[in-house]
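S.K.: I have a structure here, written as structure tokens, and I will follow up with some questions on it.
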Amino acid sequence: MMKKIINQPDQVLADMLKGYKLVHDDVFYLEETHVITRSHFTSKKVGIISGGGSGHEPAHAGFVGEGMLDAAVCGHVFTSPTPDQVLSAIQVADQGAGVFLVIKNYSGDCMNFDMAKELAELEGIPVDFVIVNDDVAVFDSSYTEGRRGVAGTILVHKIVGAAAENGASLEEIKKLAESVVAHLASVGVAIKPSIVPEVGKPGFELEEDEMEFGIGIHGEPGYSREKIKPSREIAEELIHKIEVETKWTTDQTLAVLINGMGATPLMEQYIFAHDCLTILQEKGYTVQFKKVGNYMTAIDMAGVSLTLLQLEDEKWLDYLTQSTLAPAW
Amino acid sequence: MMKKIINQPDQVLADMLKGYKLVHDDVFYLEETHVITRSHFTSKKVGIISGGGSGHEPAHAGFVGEGMLDAAVCGHVFTSPTPDQVLSAIQVADQGAGVFLVIKNYSGDCMNFDMAKELAELEGIPVDFVIVNDDVAVFDSSYTEGRRGVAGTILVHKIVGAAAENGASLEEIKKLAESVVAHLASVGVAIKPSIVPEVGKPGFELEEDEMEFGIGIHGEPGYSREKIKPSREIAEELIHKIEVETKWTTDQTLAVLINGMGATPLMEQYIFAHDCLTILQEKGYTVQFKKVGNYMTAIDMAGVSLTLLQLEDEKWLDYLTQSTLAPAW
Amino acid sequence: MIVTKDLTHKWFTLFAEKVIQEKEQLSEYDRIIGDGDHGMNMARGAQQLITLWQAVPPVHLSDVFKQAAMKWISGVGGASGPLYGTAFLEMAKAVGAKEELSNDELVTAVKAGFEGIKKRGKSDIGQKTMLDLWAPAVQDLEKDELTMATLQTALTKTNELKATKGRASFLGDRSINEVDPGAASSKLFFEALIEAGEFGGN
Amino acid sequence: MIVTKDLTHKWFTLFAEKVIQEKEQLSEYDRIIGDGDHGMNMARGAQQLITLWQAVPPVHLSDVFKQAAMKWISGVGGASGPLYGTAFLEMAKAVGAKEELSNDELVTAVKAGFEGIKKRGKSDIGQKTMLDLWAPAVQDLEKDELTMATLQTALTKTNELKATKGRASFLGDRSINEVDPGAASSKLFFEALIEAGEFGGN
Ligand SMILES: Nc1ncnc2c1ncn2[C@@H]1O[C@H](COP(=O)(O)OP(=O)(O)O)[C@@H](O)[C@H]1O
Ligand SMILES: Nc1ncnc2c1ncn2[C@@H]1O[C@H](COP(=O)(O)OP(=O)(O)O)[C@@H](O)[C@H]1O
Ligand SMILES: [Mg+2]
Ligand SMILES: [Mg+2]
Ligand SMILES: [Mg+2]
Ligand SMILES: [Mg+2]
């Protein structure tokens with residue numbers, strides 16, 4: 001049975017966002033379209049928008065704030081928002097310098113955001129976008145939808161958000177975002193599945209002693225199901241997977257994001273962080289930025305993901321460390 | 001069976017704190033005594049120390065930083081640290097103006113911190129303390145240990161931390177802390193029990209459709225076990241419980257902390273926050289400060305707690321909103 | 001079969017009703033090879049369409065397609081919202097100002113819908129999606145052979161495919177012998193057409 | 001019974017060994033009416049004491065008590081660390097520089113330990129704590145009647161109490177008929193004394 005602290009399962013989106021608005025005084029909530037925006041915009045700045053299905057809290061509303069997003073478009077749980085929803089965010093976020101969309105690579109998100117872009121352009125708002133596809137668990141070929149967008153998206157928000165705040169143009173942001181995405185890799189592991197409130201049962205089943213490598217943030221299947229392993233071995237496997245898929249050499253300078261999937265206690269996240277950072281150090285990588293916590297969750301999934309970003313450009317580290325008012329960063 | 005991302009169950013404390021140190025460059029980790037301290041202290045400030053058993057992450061290490069704690073003493077999971085551990089934190093945190101201990105009301109914590117205080121005083125360090133006992137779920141009488149210290153402790157950290165940063169004396173801080181504790185009330189609810197890594201099985205059992213009101217942060221029993229209810233009814237019950245126990249009138253100005261117990265997704269926390277804040281508003285309370293998230297957890301317990309603080313003194317709100325570098329605030 | 005506004009209205013109403021009725025089943029198919037929301041998504045669009053038409057029924061033939069398109073595009077989300085929405089919009093465009101369709105004109109409209117899905121989804125038949133239900137349905141409609149039985153055959157054949165588009169593609173071989181939720185909802189769409197046609201005159 | 005350093009060393013060694021052996025059981029008692037860590041806590045102190053004595057055995061009689069006190073105070077934590085630690089420290093103080101204890105002197109030392117627990121814990125008998133094992137044990141020791149059987153009786157009586165101190169107090173009536181973990185570990189402490197006494201001369 002599903003055990004959750006909610007009211008009506010089909011009302012979780014609105015109830016949650018109304019709660020978000022009540023807690024955070026410095027945002028607006030467009031109830032009609034489930035969009036959370038800043039209450040004060042930086043004038044003439046490129047508007048940065050992200051969004052997608054809900055269930056990934058604090059993504060994306062928690063990253064709305066000076067220095068990160070201008071608006072977050074919130075779809076129903078695990079369901080891409082509609083073009084109308086995205087359009088309403090674009091209209092609000094446009095401060096005269098155009099709007100940039102950070103889209104995670106799911107067919108629904110791509111189609112809906114693309115339609116919104118077309119509609120916005122009809123209204124004369126310049127719109128560009130990046131498609132984040134950092135999940136190296138997925139074999140990237142013409143036989144699949146391609147790599148999924150997962151926790152690395154948060155680093156994209158931060159970097160383009162800071163760049164926009166510093167006055168970068170839409171064109172510059174597009175270039176920056178594409179370069180960041182090209183140097184970004186993530187992979188996750190689940191030990192317990194998540195339950196979508198309206199569905200009421202787990203999206204997949206795992207035995208009492210099983211874990212799954214490469215799981216997606218909507219419970220999409222991973223690349224290998226195994227007996228549960230110690231944290232150190234999990235860390236080794238995830239780092240190995242990223243190395244195999246990216247073919248990076250160990251002389252890289254990295255930013256590291258360790259992300260909890262929603263029901264994983266911080267205790268485990270820090271233990272896992274210890275293993276990841278120790279292994280990366282042993283291998284010779286230089287880690288210049290580290291972050292641990294729940295950033296891109298899958299409702300109540302238990303598990304973690306590891307995101308590595310090659311810090312190709314020195315400015316990226318500045319953007320990552322620049323201050324922001326977004327409550328969830 | 002226990003499913004956790006850990007290595008050796010008896011090494012979780014050290015592994016976690018080593019991870020914490022690797023992630024956060026601006027702290028020291030005293031490995032011998034499992035103490036996390038700031039790497040830079042504000043000179044001549046009263047040192048603020050908190051601690052207790054581990055398993056409540058981000059409490060308490062996550063609150064070490066300018067504007068909050070100077071040091072956190074970390075016991076084994078759900079086990080009070082020893083006097084030696086506390087003493088080593090006192091020695092480091094003392095900057096010449098004495099040290100203040102924030103203790104949660106558990107017999108183990110009270111005894112061990114008290115012994116440490118005696119030892120520190122022998123060394124000439126002035127030490128004072130407050131015992132936080134905000135959990136109104138417990139009948140406060142001579143027949144029990146008295147009310148437990150739970151999530152409200154975080155608000156005490158913030159307020160005394162800010163006051164200390166602003167130059168308050170040990171005596172002033174003692175008075176402030178006692179007044180805050182006298183105006184503080186919390187109560188929690190669990191829908192799933194937690195598992196101590198070294199124990200390997202749940203501290204208590206709940207049926208598939210049961211919840212328990214008034215649960216403690218170590219799984220101590222609550223005051224009522226019932227069929228799971230909608231968020232709104234849970235919010236009503238917790239607010240009602242606090243009202244009954246504190247006898248507050250509804251013309252109060254409040255600070256509100258909604259705390260996740262570790263495995264509760266933010267989605268549920270914000271839904272619950274919506275219900276709590278709406279009910280408080282309907283009743284006529286004025287809410288001037290609100291915070292939602294995982295602050296005082298019980299490892300992987302699922303559930304939430306509600307903390308209300310009467311803002312008796314205007315300065316308290318300033319202290320709550322004053323900036324801090326503590327990563328978990 | 002002459003396709004009137006009334007028949008079309010009935011077709012889409014029946015479709016919407018079927019979707020709402022089969023909501024749980026569609027989501028269950030999606031839970032197995034996707035993310036479990038297809039029934040909820042489709043039912044959202046269906047409910048909005050029914051509510052609209054209870055207040056203001058469609059006036060012109062093309063209104064049926066256009067209004068269904070708008071509800072799916074702006075009320076559904078996910079992959080199915082833009083895909084069905086685009087299909088209905090392309091059908092509306094193909095119908096234009098006509099108030100009656102011959103069988104051939106109906107086929108042309110449905111084909112336009114099919115092409116719309118392909119374009120919007122950057123997809124094609126054989127990838128275990130709704131397209132694998134639409135393609136044989138269009139063919140059968142052309143030959144005036146569309147029946148409940150041929151629809152079932154089309155769905156069964158789709159089940160045997162391996163998914164290479166949409167969320168189910170992540171399952172790879174494990175998607176074989178599972179029902180594609182979008183194909184299942186598309187089957188309801190064409191079943192509704194058959195039912196509407198029988199009652200609405202032939 | 002003349003209590004020598006060797007007998008005392010044996011007593012505390014046996015106690016430490018018993019604690020380590022019963023670790024799981026003590027934690028299980030604590031899981032039911034506390035927080036599940038009593039066995040782990042006690043075993044931490046016990047292991048440290050054994051390790052110390054393997055390297056450097058105690059020289060004087062009072063060393064046994066003092067060193068056990070230090071290990072419990074600085075190595076255990078929780079409620080049991082300061083309580084046992086204080087008991088052992090008070091026993092060391094009562095023993096002073098003596099190298100042998102008569103039965104009366106032993107009783108005086110154990111009583112001092114008992115008073116130490118009461119003071120440190122701000123507690124008394126009848127609250128379902130380790131004190132409810134220590135009190136009858138002291139009495140039996142005084143009358144030279146301390147046996148495995150009387151210890152068992154004391155534990156059984158403790159089980160029947162309702163806890164009003166420590167974590168178990170939160171359970172209220174539900175603590176009745178459960179074993180208090182601290183009383184269970186205290187039983188091991190006095191069992192170890194009996195065993196050490198029998199072997200070490202009487
Ligand atoms: N690119 C595509 N082309 C055609 N059909 C697709 C495509 N992507 C998904 N689909 C269809 O959409 C269905 C899933 O819809 P739905 O569950 O509502 O959306 P989502 O996958 O976003 O959760 C699939 O069963 C499949 O038939
Ligand atoms: N105030 C007290 N006085 C005497 N004994 C106490 C007191 N508080 C706790 N105890 C004893 O300590 C035992 C619990 O020890 P332990 O589990 O190690 O500590 P904690 O309760 O901190 O987890 C209880 O079973 C009880 O016998
Ligand atoms: Mg979906
Ligand atoms: Mg304990
Ligand atoms: Mg779906
Ligand atoms: Mg205990």
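Following the order of the structure tokens, chains are lettered A, B, ..., residues in each are numbered from 1, and ligands are numbered from 1.
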Residues contacting ligand 6 - anything with an atom at most 10 Å away, using only C-alpha atoms and all ligand atoms - can you give me those as a ChimeraX atom specification?
M.R.: /B:78-80,108,218 /D:26-42,77-80,166-168,181-182
S.K.: I need the residues from that last selection saved to file as a compact mmCIF listing (two decimals), in the first residue's frame (with N, CA, C and O atoms), if you can.
M.R.:
```
# COMPACT_ATOMS: atom_id res chain seq x y z
N PHE B 78 22.42 7.34 17.41
CA PHE B 78 21.44 7.39 18.51
C PHE B 78 22.08 7.22 19.90
O PHE B 78 21.41 6.83 20.85
N THR B 79 23.39 7.49 20.01
CA THR B 79 24.07 7.34 21.30
C THR B 79 24.77 8.64 21.66
O THR B 79 25.59 9.13 20.88
N SER B 80 24.49 9.16 22.82
CA SER B 80 25.14 10.39 23.25
C SER B 80 26.66 10.27 23.17
O SER B 80 27.22 9.22 23.46
N GLY B 108 21.12 10.40 28.60
CA GLY B 108 22.51 10.21 28.19
C GLY B 108 23.18 11.54 27.85
O GLY B 108 24.28 11.83 28.33
N HIS B 218 14.35 9.11 17.96
CA HIS B 218 15.06 7.84 18.02
C HIS B 218 14.05 6.70 17.96
O HIS B 218 14.33 5.59 18.36
N LEU D 26 21.40 -7.84 24.55
CA LEU D 26 21.21 -6.57 25.28
C LEU D 26 20.63 -5.50 24.35
O LEU D 26 19.73 -4.74 24.74
N SER D 27 21.11 -5.46 23.12
CA SER D 27 20.57 -4.48 22.17
C SER D 27 19.13 -4.80 21.82
O SER D 27 18.32 -3.89 21.62
N GLU D 28 18.83 -6.07 21.75
CA GLU D 28 17.46 -6.46 21.42
C GLU D 28 16.50 -6.03 22.55
O GLU D 28 15.43 -5.51 22.28
N TYR D 29 16.90 -6.23 23.80
CA TYR D 29 16.08 -5.72 24.92
C TYR D 29 15.88 -4.21 24.75
O TYR D 29 14.78 -3.69 24.93
N ASP D 30 16.95 -3.52 24.39
CA ASP D 30 16.89 -2.06 24.27
C ASP D 30 16.07 -1.63 23.06
O ASP D 30 15.42 -0.59 23.08
N ARG D 31 16.09 -2.47 22.01
CA ARG D 31 15.29 -2.15 20.82
C ARG D 31 13.81 -2.14 21.20
O ARG D 31 13.03 -1.32 20.72
N ILE D 32 13.45 -3.03 22.12
CA ILE D 32 12.04 -3.16 22.49
C ILE D 32 11.57 -1.99 23.37
O ILE D 32 10.52 -1.43 23.14
N ILE D 33 12.38 -1.62 24.37
CA ILE D 33 11.89 -0.51 25.21
C ILE D 33 12.81 0.71 25.20
O ILE D 33 12.57 1.66 25.96
N GLY D 34 13.81 0.73 24.34
CA GLY D 34 14.69 1.90 24.27
C GLY D 34 15.03 2.18 22.82
O GLY D 34 14.16 2.19 21.97
N ASP D 35 16.30 2.38 22.54
CA ASP D 35 16.70 2.72 21.19
C ASP D 35 17.67 1.72 20.57
O ASP D 35 18.29 2.01 19.55
N GLY D 36 17.80 0.56 21.18
CA GLY D 36 18.49 -0.54 20.50
C GLY D 36 19.99 -0.53 20.54
O GLY D 36 20.62 -1.27 19.77
N ASP D 37 20.59 0.31 21.38
CA ASP D 37 22.05 0.39 21.32
C ASP D 37 22.76 -0.08 22.59
O ASP D 37 23.99 0.00 22.66
N HIS D 38 22.03 -0.56 23.58
CA HIS D 38 22.70 -0.85 24.85
C HIS D 38 23.83 -1.88 24.71
O HIS D 38 24.90 -1.71 25.29
N GLY D 39 23.59 -2.92 23.95
CA GLY D 39 24.63 -3.93 23.74
C GLY D 39 25.86 -3.36 23.06
O GLY D 39 27.00 -3.60 23.47
N MET D 40 25.63 -2.58 22.03
CA MET D 40 26.75 -1.96 21.32
C MET D 40 27.52 -1.02 22.23
O MET D 40 28.75 -0.99 22.21
N ASN D 41 26.77 -0.22 22.98
CA ASN D 41 27.42 0.72 23.90
C ASN D 41 28.31 0.00 24.90
O ASN D 41 29.49 0.32 25.06
N MET D 42 27.72 -0.98 25.58
CA MET D 42 28.44 -1.70 26.63
C MET D 42 29.62 -2.47 26.03
O MET D 42 30.71 -2.52 26.61
N GLY D 77 29.53 6.40 26.03
CA GLY D 77 28.47 7.35 25.70
C GLY D 77 27.11 6.84 26.11
O GLY D 77 27.00 5.90 26.89
N GLY D 78 26.05 7.46 25.57
CA GLY D 78 24.69 7.08 25.95
C GLY D 78 24.46 7.29 27.43
O GLY D 78 25.20 8.04 28.09
N ALA D 79 23.44 6.63 27.97
CA ALA D 79 23.19 6.74 29.41
C ALA D 79 24.10 5.78 30.17
O ALA D 79 24.59 6.08 31.25
N SER D 80 24.35 4.61 29.59
CA SER D 80 25.09 3.59 30.34
C SER D 80 26.55 3.96 30.54
O SER D 80 27.15 3.55 31.54
N GLY D 166 14.94 7.13 32.06
CA GLY D 166 15.56 6.65 30.84
C GLY D 166 14.55 6.62 29.70
O GLY D 166 13.37 6.96 29.86
N ARG D 167 15.03 6.20 28.55
CA ARG D 167 14.20 6.18 27.36
C ARG D 167 12.94 5.35 27.51
O ARG D 167 11.90 5.65 26.92
N ALA D 168 13.04 4.26 28.30
CA ALA D 168 11.90 3.36 28.42
C ALA D 168 10.71 4.04 29.08
O ALA D 168 9.57 3.60 28.92
N PRO D 181 17.26 -3.19 29.67
CA PRO D 181 18.60 -3.61 29.22
C PRO D 181 19.69 -3.33 30.24
O PRO D 181 20.60 -4.15 30.42
N GLY D 182 19.59 -2.18 30.93
CA GLY D 182 20.61 -1.86 31.92
C GLY D 182 20.57 -2.82 33.10
O GLY D 182 21.62 -3.17 33.67
```
S.K.: Per residue of chain B within 9 Å of chain D, note the shortest atom pair and the distance in Å to one decimal, counting only C-alpha atoms, and order the rows by chain and increasing residue number, as JSON lines.
M.R.:
```
{"residue": "B:Gly52", "atom": "CA", "partner": "D:Gly78", "partner_atom": "CA", "distance": 9.0}
{"residue": "B:Gly53", "atom": "CA", "partner": "D:Gly78", "partner_atom": "CA", "distance": 8.0}
{"residue": "B:Gly75", "atom": "CA", "partner": "D:Gly77", "partner_atom": "CA", "distance": 7.3}
{"residue": "B:His76", "atom": "CA", "partner": "D:Gly77", "partner_atom": "CA", "distance": 8.2}
{"residue": "B:Val77", "atom": "CA", "partner": "D:Asp37", "partner_atom": "CA", "distance": 8.4}
{"residue": "B:Phe78", "atom": "CA", "partner": "D:Asp35", "partner_atom": "CA", "distance": 7.2}
{"residue": "B:Thr79", "atom": "CA", "partner": "D:Gly78", "partner_atom": "CA", "distance": 4.7}
{"residue": "B:Ser80", "atom": "CA", "partner": "D:Gly78", "partner_atom": "CA", "distance": 4.3}
{"residue": "B:Pro81", "atom": "CA", "partner": "D:Gly77", "partner_atom": "CA", "distance": 4.9}
{"residue": "B:Thr82", "atom": "CA", "partner": "D:Gly77", "partner_atom": "CA", "distance": 4.4}
{"residue": "B:Pro83", "atom": "CA", "partner": "D:Ser74", "partner_atom": "CA", "distance": 6.4}
{"residue": "B:Asp84", "atom": "CA", "partner": "D:Ser74", "partner_atom": "CA", "distance": 5.6}
{"residue": "B:Gln85", "atom": "CA", "partner": "D:Ser74", "partner_atom": "CA", "distance": 7.7}
{"residue": "B:Tyr106", "atom": "CA", "partner": "D:Arg167", "partner_atom": "CA", "distance": 7.6}
{"residue": "B:Ser107", "atom": "CA", "partner": "D:Ala79", "partner_atom": "CA", "distance": 6.0}
{"residue": "B:Gly108", "atom": "CA", "partner": "D:Ala79", "partner_atom": "CA", "distance": 3.7}
{"residue": "B:Asp109", "atom": "CA", "partner": "D:Gly78", "partner_atom": "CA", "distance": 6.8}
{"residue": "B:Cys110", "atom": "CA", "partner": "D:Ala79", "partner_atom": "CA", "distance": 8.8}
{"residue": "B:Met111", "atom": "CA", "partner": "D:Pro82", "partner_atom": "CA", "distance": 6.5}
{"residue": "B:Asn112", "atom": "CA", "partner": "D:Pro82", "partner_atom": "CA", "distance": 6.3}
{"residue": "B:Met115", "atom": "CA", "partner": "D:Pro82", "partner_atom": "CA", "distance": 8.2}
{"residue": "B:Val138", "atom": "CA", "partner": "D:Phe170", "partner_atom": "CA", "distance": 7.1}
{"residue": "B:Phe139", "atom": "CA", "partner": "D:Phe170", "partner_atom": "CA", "distance": 8.6}
{"residue": "B:Ser142", "atom": "CA", "partner": "D:Thr164", "partner_atom": "CA", "distance": 8.0}
{"residue": "B:Tyr143", "atom": "CA", "partner": "D:Thr164", "partner_atom": "CA", "distance": 5.0}
{"residue": "B:Thr144", "atom": "CA", "partner": "D:Thr164", "partner_atom": "CA", "distance": 4.8}
{"residue": "B:Glu145", "atom": "CA", "partner": "D:Lys165", "partner_atom": "CA", "distance": 5.5}
{"residue": "B:Gly146", "atom": "CA", "partner": "D:Phe170", "partner_atom": "CA", "distance": 8.7}
{"residue": "B:Val196", "atom": "CA", "partner": "D:Gly36", "partner_atom": "CA", "distance": 8.0}
{"residue": "B:Glu198", "atom": "CA", "partner": "D:Met40", "partner_atom": "CA", "distance": 8.1}
{"residue": "B:Val199", "atom": "CA", "partner": "D:Gly36", "partner_atom": "CA", "distance": 6.8}
{"residue": "B:Pro202", "atom": "CA", "partner": "D:Arg31", "partner_atom": "CA", "distance": 8.5}
{"residue": "B:Gly203", "atom": "CA", "partner": "D:Arg31", "partner_atom": "CA", "distance": 5.7}
{"residue": "B:Phe204", "atom": "CA", "partner": "D:Ile32", "partner_atom": "CA", "distance": 7.5}
{"residue": "B:His218", "atom": "CA", "partner": "D:Asp35", "partner_atom": "CA", "distance": 6.2}
{"residue": "B:Gly219", "atom": "CA", "partner": "D:Asp35", "partner_atom": "CA", "distance": 7.0}
{"residue": "B:Glu220", "atom": "CA", "partner": "D:Phe170", "partner_atom": "CA", "distance": 6.7}
{"residue": "B:Pro221", "atom": "CA", "partner": "D:Leu171", "partner_atom": "CA", "distance": 6.0}
{"residue": "B:Gly222", "atom": "CA", "partner": "D:Phe170", "partner_atom": "CA", "distance": 7.9}
```
S.K.: Mind listing the alpha helix (DSSP H) residues of segment 21-89 of chain D, per DSSP on the backbone, as a PyMOL selection string?
M.R.: chain D and resi 21+23-33+38-55+61-75+80-89
S.K.: Hey, can you check how far atom CA of Lys290 of chain B sits from atom CA of Ile239 of chain B?
M.R.: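 Atom CA of Lys290 of chain B sits 15.1 Å away from atom CA of Ile239 of chain B.
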S.K.: Set the distance at 9 Å and use only C-alpha atoms: which residues neighbour segment 248-259 of chain B once local chain neighbours fewer than 2 positions away are removed? I'd like the list as a PyMOL selection string.
M.R.: chain B and resi 151-152+155+186+188+242-246+261-262+269-270+272-273+276-277+280+283-297+303-312+317+320
S.K.: Rounded to one decimal, what separation in Å do you get between atom CA of Asp6 of chain C and atom CA of Leu193 of chain C?
M.R.: 11.9 Å
S.K.: Residues of chain A were defined as contacting chain B if any atom lay at most 7 Å from it, counting only C-alpha atoms; please report them as a PyMOL selection string.
M.R.: chain A and resi 1+5-7+15-16+18-20+22-23+55+57-58+208+230-232+262-268+270-274+290-291+299-300
S.K.: I'd like the interatomic distance between atom CA of Leu151 of chain D and atom CA of Lys187 of chain D, to a tenth of an Å.
M.R.: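 So the answer is 6.3 Å.
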S.K.: Pick out the residues sitting within 12 Å of Asp104 of chain D, and hand them over as a VMD selection string; count only C-alpha atoms, and ignore anything fewer than 6 positions along from it in its own chain.
M.R.: chain D and resid 1 to 3 94 to 95 110 to 111 138 to 139 141 to 144
S.K.: Those residues you just picked out, can you put them in a file as a PDB file, in the first residue's frame with N, CA and C atoms?
M.R.:
```
ATOM      1  N   MET D   1      35.091 -14.431  51.818  1.00  0.00           N
ATOM      2  CA  MET D   1      35.769 -14.180  50.524  1.00  0.00           C
ATOM      3  C   MET D   1      36.692 -12.972  50.659  1.00  0.00           C
ATOM      4  N   ILE D   2      37.957 -13.177  50.360  1.00  0.00           N
ATOM      5  CA  ILE D   2      38.909 -12.072  50.316  1.00  0.00           C
ATOM      6  C   ILE D   2      39.017 -11.626  48.856  1.00  0.00           C
ATOM      7  N   VAL D   3      38.754 -10.354  48.653  1.00  0.00           N
ATOM      8  CA  VAL D   3      38.770  -9.839  47.283  1.00  0.00           C
ATOM      9  C   VAL D   3      40.139  -9.249  46.972  1.00  0.00           C
ATOM     10  N   ALA D  94      36.177   4.309  46.849  1.00  0.00           N
ATOM     11  CA  ALA D  94      35.904   3.602  48.111  1.00  0.00           C
ATOM     12  C   ALA D  94      37.038   2.642  48.462  1.00  0.00           C
ATOM     13  N   VAL D  95      37.624   2.047  47.452  1.00  0.00           N
ATOM     14  CA  VAL D  95      38.704   1.079  47.657  1.00  0.00           C
ATOM     15  C   VAL D  95      39.994   1.786  48.061  1.00  0.00           C
ATOM     16  N   VAL D 110      30.666  -1.643  46.569  1.00  0.00           N
ATOM     17  CA  VAL D 110      29.543  -1.813  45.636  1.00  0.00           C
ATOM     18  C   VAL D 110      28.438  -0.817  45.968  1.00  0.00           C
ATOM     19  N   LYS D 111      28.225  -0.592  47.278  1.00  0.00           N
ATOM     20  CA  LYS D 111      27.241   0.413  47.694  1.00  0.00           C
ATOM     21  C   LYS D 111      27.617   1.797  47.184  1.00  0.00           C
ATOM     22  N   VAL D 138      23.253  -5.738  46.177  1.00  0.00           N
ATOM     23  CA  VAL D 138      24.008  -5.234  47.328  1.00  0.00           C
ATOM     24  C   VAL D 138      23.505  -5.899  48.608  1.00  0.00           C
ATOM     25  N   GLN D 139      22.185  -5.965  48.754  1.00  0.00           N
ATOM     26  CA  GLN D 139      21.613  -6.592  49.955  1.00  0.00           C
ATOM     27  C   GLN D 139      22.031  -8.046  50.088  1.00  0.00           C
ATOM     28  N   LEU D 141      24.571  -9.491  48.788  1.00  0.00           N
ATOM     29  CA  LEU D 141      26.005  -9.558  49.009  1.00  0.00           C
ATOM     30  C   LEU D 141      26.297  -9.344  50.503  1.00  0.00           C
ATOM     31  N   GLU D 142      25.565  -8.390  51.069  1.00  0.00           N
ATOM     32  CA  GLU D 142      25.716  -8.108  52.500  1.00  0.00           C
ATOM     33  C   GLU D 142      25.435  -9.352  53.341  1.00  0.00           C
ATOM     34  N   LYS D 143      24.364 -10.067  52.939  1.00  0.00           N
ATOM     35  CA  LYS D 143      23.972 -11.267  53.689  1.00  0.00           C
ATOM     36  C   LYS D 143      24.721 -12.505  53.207  1.00  0.00           C
ATOM     37  N   ASP D 144      25.680 -12.318  52.302  1.00  0.00           N
ATOM     38  CA  ASP D 144      26.427 -13.422  51.713  1.00  0.00           C
ATOM     39  C   ASP D 144      25.486 -14.412  51.001  1.00  0.00           C
TER      40      ASP D 144
END
```
S.K.: Identify, with DSSP run on backbone atoms, the residues in segment 16-171 of chain A assigned to strand (DSSP E or B), and express the list as a ChimeraX atom specification.
M.R.: /A:27-30,35-38,47-54,64,69,71-77,99-104,127-132,135
S.K.: Would you pick out the contacts of Ile173 of chain B at 8 Å or less, using only C-alpha atoms, so that residues sharing its chain but fewer than 3 positions from it are not included, and give the list as a list in words?
M.R.: Phe100, Val160, Ala163, Ala164, Ala168, Ser169, Leu170, Leu176 and Ala177 of chain B
S.K.: Please write the residues from the selection above to a file, keeping N, CA and C atoms, as a short mmCIF file (atom, residue, chain, number, x, y, z; two decimals), in the first residue's frame.
M.R.:
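The new file part.cif reads:
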```cif
data_model
loop_
_atom_site.label_atom_id
_atom_site.label_comp_id
_atom_site.auth_asym_id
_atom_site.auth_seq_id
_atom_site.Cartn_x
_atom_site.Cartn_y
_atom_site.Cartn_z
N PHE B 100 29.02 27.74 25.22
CA PHE B 100 27.63 27.45 25.53
C PHE B 100 27.21 26.15 24.85
N VAL B 160 20.74 31.43 19.07
CA VAL B 160 21.91 31.70 19.93
C VAL B 160 23.16 31.87 19.08
N ALA B 163 23.12 35.43 17.95
CA ALA B 163 23.37 36.31 19.09
C ALA B 163 24.85 36.28 19.46
N ALA B 164 25.44 35.11 19.48
CA ALA B 164 26.86 34.99 19.81
C ALA B 164 27.70 35.72 18.77
N ALA B 168 26.98 38.69 21.99
CA ALA B 168 26.32 38.46 23.28
C ALA B 168 27.25 37.70 24.23
N SER B 169 27.11 37.98 25.52
CA SER B 169 27.94 37.31 26.52
C SER B 169 27.36 35.95 26.86
N LEU B 170 28.15 35.13 27.54
CA LEU B 170 27.70 33.80 27.94
C LEU B 170 26.41 33.89 28.76
N LEU B 176 18.87 34.10 26.91
CA LEU B 176 18.19 34.04 25.62
C LEU B 176 17.74 32.61 25.31
N ALA B 177 18.65 31.67 25.46
CA ALA B 177 18.35 30.28 25.12
C ALA B 177 17.21 29.74 25.98
#
```
S.K.: Fewer than 2 positions away in the same chain doesn't count, so skip those; otherwise give me all residues within 9 Å of segment 153-155 of chain C, counting only C-alpha atoms, as an NGL selection string.
M.R.: :C and (132-137 or 148-151 or 157-160 or 179-180 or 183-184 or 187)
S.K.: Using only C-alpha atoms, which of B:Gly96, B:Lys201, B:Arg147, B:Ile103 sits nearest Gly124 of chain B?
M.R.: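 When distances to Gly124 of chain B are compared using only C-alpha atoms, the smallest one comes from B:Gly96.
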